[in-house]
Amino acid sequence: MKRGPDRREAARASPLDPSTSLPSTVLRASPSTSLQSTGLPSTLLRAGPSTSLRTRPLTPSIGHVDFDRLVVDDVSRHFGRRRALSHVSFEVLQGTVLGLLGPNGAGKSTMLAVLATLLRPTSGHVRYGSFELDDRRPALRAAIGVLGHDLFLYPELTARENLVFFGSLAGVAEPDHAALAALEHAGLADRANDPVGSFSRGMRQRVALERALIHRPRLVLLDEPFTGLDDASTGVLLARLRGLREDGAIVILATHDLDLAEGLLDRAVFLRDGRIAETLEQPDALRNTYRSIMTRERP
Amino acid sequence: MTGFLRTAWLVLRKDMTVEVRSLEVALTTLFFAVSTVMVFAFALVREGSAPDDGAAGILWIAVSFAGTLALGRTFERERQAETLRALLLAPAPRPAIYVGKLLGIVALLVGTEIILVPLVAFLFQAPLFAHPAWLLVILVTGTLGFASVGTLFAAMLIRARSRDVLLPVLLYPITVPVIIAGVRATATLLQPEVEFEILRFWVALLVAFDIVFVTLALWTFEPLMTD
């Protein structure tokens with residue numbers, strides 16, 4: 001995979017920059033642009049930052065949870081005697097991309113699993129606005145989208161079937177329509193009826209991202225989302241993440257790719273041995289900070 | 001309740017679609033079950049005559065062994081792309097996901113039994129089709145009891161390193177009562193003069209096991225799968 005200045009430039013480029021090679025469907029309409037002229041399906045036309053995350057209706061049985069901030073308060077998570085997370089605290093507001101950075105085993109994936117409701121913290125609290133982790137779990141999960149290191153897709157099913165299945169499970173009211181719109185977003189509409197198993201890693205990653213976003217989650221959690229992507233796919237993903245930020249989502253991504261992270265993140269939290277080693281409010285020179293953290297004595 | 005049934009149906013339909021495309025689990029399960037029956041037939045049938053109640057025992061041995069294989073393979077598929085995690089992340093009732101998976105396993109095993117029962121009847125010269133409605137009830141209730149525990153354990157063990165060994169070690173001791181009840185009910189059905197009172201007793205026992213096992217699994221699935 002190509003790394004270095006090109007990828008860093010891609011991360012910094014505007015989502016409307018033609019040099020990022022985005023499919024036309026990814027380009028967002030500016031306020032002065034006629035929405036219909038973009039050729040996007042109506043479900044993709046976004047009204048504004050505060051409302052756009054809820055334009056796709058969910059079935060009433062799931063209920064509705066919305067929040068504008070995520071608070072992680074003194075969270076620890078132990079696996080037996082091993083402390084994967086130790087007294088981690090941070091807060092993220094809507095419209096923010098937060099990076100969880102750190103070496104392997106730092107606790108990034110565990111933190112994401114806790115935020116995704118897959119793991120309970122051993123101690124501490126996670127608050128999604130006014131909701132606690134144990135409140136209305138299915139409704140809370142409807143507000144969370146997760147893109148894991150594994151892609152969570154069935155290789156035997158087509159891209160469309162995968163998205164319709166997960167959209168239906170998430171309670172999306174018109175899953176067929178939403179799946180087609182999502183595939184348009186991913187630039188894969190022409191491969192909608194091909195099995196995901198026949199896709200390249202980059203294409204599968206794009207479908208997986210749409211799977212995570214098909215129910216328009218408020219909180220988006222991504223674990224190493226740039227792994228295995230070429231520059232074009234990286235550009236598409238970066239544009240999508242910026243779009244989510246503009247829509248008012250809370251985006252948290254765990255990554256090793258500091259070059260890409262530097263152009264994207266609004267805040268960065270460095271983890272080491274399950275503890276917060278550093279928090280940067282204006283992330284730049286991430287590589288220097290990372291080196292400095294890694295050379296410190298372990299607490 | 002609608003959301004619960006809808007989720008279960010979505011998971012079942014997805015499992016069936018994946019299986020129809022790949023036939024991976026169905027073919028391996030069927031091959032294994034047929035091989036088991038053939039081996040026992042060659043070992044036990046002498047000059048066209050099999051031991052009394054042998055057909056009932058062989059049928060349920062084949063079903064339980066093939067069921068264990070099907071459970072392992074079905075959840076291995078969910079593990080490979082971490083799709084079980086995606087199911088657990090969905091804003092759907094987790095017990096409904098369990099029910100969907102359970103019905104998929106039951107459907108797969110009933111499909112295997114459709115081939116297996118005539119084969120056993122033929123090789124062991126057993127009058128299995130003398131009372132087809134009773135046979136259907138015995139097979140469905142027995143399969144449901146076995147699969148209800150198996151689905152829960154297979155899901156629980158998905159992250160265990162030695163899951164292939166642990167699944168039968170945990171599953172058989174708990175499902176032995178179901179298998180015994182299934183064998184006795186089927187054996188009763190094979191008698192020249194069927195004693196329906198005894199048959200009803202064994203079927204009632206199977207139904208009772210089903211109710212207990214399914215209820216416990218529904219109750220424990222969410223907490224067991226959360227951490």
# chains A, B, ... in the order shown; residues from 1 in each chain; ligands from 1
>>> residues_around(residues="Met16 of chain B", least_positions_apart="2", cutoff="12 Å", atoms="only C-alpha atoms", output="number ranges by chain")
A: 156-157; B: 9-14, 18-26, 74, 100-108, 111
>>> closest_atom_pairs(of="chain A", to="chain B", cutoff="8 Å", atoms="only C-alpha atoms", output="CSV")
residue,atom,partner,partner_atom,distance
A:Ser61,CA,B:Gly3,CA,6.4
A:Ile62,CA,B:Pro91,CA,7.0
A:Ala116,CA,B:Leu89,CA,7.2
A:Thr117,CA,B:Leu89,CA,7.6
A:Leu118,CA,B:Thr226,CA,5.6
A:Leu119,CA,B:Asp227,CA,5.1
A:Arg120,CA,B:Asp227,CA,6.6
A:Arg137,CA,B:Pro91,CA,7.6
A:Pro138,CA,B:Pro91,CA,4.2
A:Ala139,CA,B:Pro91,CA,6.1
A:Leu140,CA,B:Pro91,CA,7.3
A:Arg141,CA,B:Pro91,CA,4.8
A:Ala142,CA,B:Pro91,CA,4.9
A:Val146,CA,B:Leu89,CA,8.0
A:Asp150,CA,B:Ala81,CA,5.9
A:Leu151,CA,B:Ala81,CA,6.3
A:Phe152,CA,B:Thr83,CA,4.5
A:Leu153,CA,B:Thr83,CA,6.2
A:Tyr154,CA,B:Thr83,CA,7.1
A:Glu156,CA,B:Val18,CA,5.7
A:Leu157,CA,B:Val18,CA,6.5
A:Phe165,CA,B:Leu10,CA,7.1
A:Phe166,CA,B:Ala90,CA,7.5
A:Ser168,CA,B:Leu10,CA,7.7
A:Leu169,CA,B:Ala90,CA,6.2
A:Ala170,CA,B:Pro91,CA,5.4
A:Gly171,CA,B:Pro91,CA,7.6
>>> closest_residue(among="A:Leu221, A:Val269, A:Val126, A:Ala159", to="Asp194 of chain A", atoms="only C-alpha atoms")
A:Ala159
>>> select_by_dssp(residues="segment 117-215 of chain B", states="alpha helix (DSSP H)", output="PyMOL selection string")
chain B and resi 117-123+132-156+163-189+196-215
>>> atom_distance(atom1="atom CA of Gly142 of chain B", atom2="atom CA of Trp202 of chain B")
10.3 Å
>>> atom_distance(atom1="atom CA of Thr112 of chain B", atom2="atom CA of Ser64 of chain B")
11.3 Å
>>> select_by_dssp(residues="segment 127-268 of chain A", states="strand (DSSP E or B)", output="list in words")
Arg127, Tyr128, Phe131, Glu132, Ile144, Gly145, Val146, Leu147, Thr158, Val172, Pro195, Leu219, Val220, Leu221, Leu222, Asp223, Ile250, Val251, Ile252, Leu253, Ala254, Arg267 and Ala268 of chain A
>>> residues_around(residues="Val75 of chain A", least_positions_apart="2", cutoff="6 Å", atoms="only C-alpha atoms", output="list of chain:residue names")
A:Asp73, A:His87, A:Val88, A:Ser123, A:Gly124, A:His125
>>> atom_distance(atom1="atom CA of Leu209 of chain A", atom2="atom CA of Leu147 of chain A")
6.1 Å
>>> residues_around(residues="Asp164 of chain B", least_positions_apart="5", cutoff="10 Å", atoms="only C-alpha atoms", output="PyMOL selection string")
chain B and resi 68-69+71-73+76+154+157-158+169
>>> closest_atom_pairs(of="segment 108-150 of chain B", to="segment 207-216 of chain B", cutoff="8 Å", atoms="only C-alpha atoms", output="tab-separated table")
residue	atom	partner	partner_atom	distance
B:Thr141	CA	B:Val207	CA	6.1
B:Gly142	CA	B:Asp210	CA	7.9
B:Leu144	CA	B:Asp210	CA	6.5
B:Gly145	CA	B:Asp210	CA	4.6
B:Ser148	CA	B:Val214	CA	5.7
B:Val149	CA	B:Phe213	CA	6.3
>>> write_last_selection(atoms="C-alpha atoms", output="mmCIF file, in the first residue's frame")
data_model
loop_
_atom_site.group_PDB
_atom_site.id
_atom_site.type_symbol
_atom_site.label_atom_id
_atom_site.label_comp_id
_atom_site.auth_asym_id
_atom_site.auth_seq_id
_atom_site.Cartn_x
_atom_site.Cartn_y
_atom_site.Cartn_z
ATOM 1 C CA THR B 141 -39.431 -32.054 18.895
ATOM 2 C CA GLY B 142 -36.224 -34.060 19.304
ATOM 3 C CA LEU B 144 -35.586 -28.742 18.374
ATOM 4 C CA GLY B 145 -34.466 -29.858 21.839
ATOM 5 C CA SER B 148 -31.827 -25.276 21.087
ATOM 6 C CA VAL B 149 -28.963 -26.130 23.438
#
>>> closest_residue(among="B:Phe129, B:Phe196, B:Phe32, B:Phe153", to="Phe75 of chain B", atoms="only C-alpha atoms")
B:Phe153
>>> closest_residue(among="A:Asn193, A:Leu101, A:Thr96, A:Glu161", to="Asp273 of chain A", atoms="only C-alpha atoms")
A:Leu101
>>> residues_around(residues="Phe67 of chain A", least_positions_apart="2", cutoff="9 Å", atoms="only C-alpha atoms", output="ChimeraX atom specification")
/A:65,69-70,94,128-131,143,218-219
>>> write_last_selection(atoms="C-alpha atoms", output="PDB file, in the first residue's frame")
ATOM      1  CA  VAL A  65     -32.318   7.695  20.840  1.00  0.00           C
ATOM      2  CA  ARG A  69     -22.253  14.281  22.957  1.00  0.00           C
ATOM      3  CA  LEU A  70     -20.500  11.163  24.088  1.00  0.00           C
ATOM      4  CA  GLN A  94     -21.327  16.059  17.580  1.00  0.00           C
ATOM      5  CA  TYR A 128     -24.588   8.902  25.119  1.00  0.00           C
ATOM      6  CA  GLY A 129     -26.091  12.319  25.774  1.00  0.00           C
ATOM      7  CA  SER A 130     -28.502  11.613  28.612  1.00  0.00           C
ATOM      8  CA  PHE A 131     -28.476   7.840  28.067  1.00  0.00           C
ATOM      9  CA  ALA A 143     -27.786   5.246  16.841  1.00  0.00           C
ATOM     10  CA  ARG A 218     -25.272   9.408  15.304  1.00  0.00           C
ATOM     11  CA  LEU A 219     -22.094   7.721  16.542  1.00  0.00           C
TER      12      LEU A 219
END
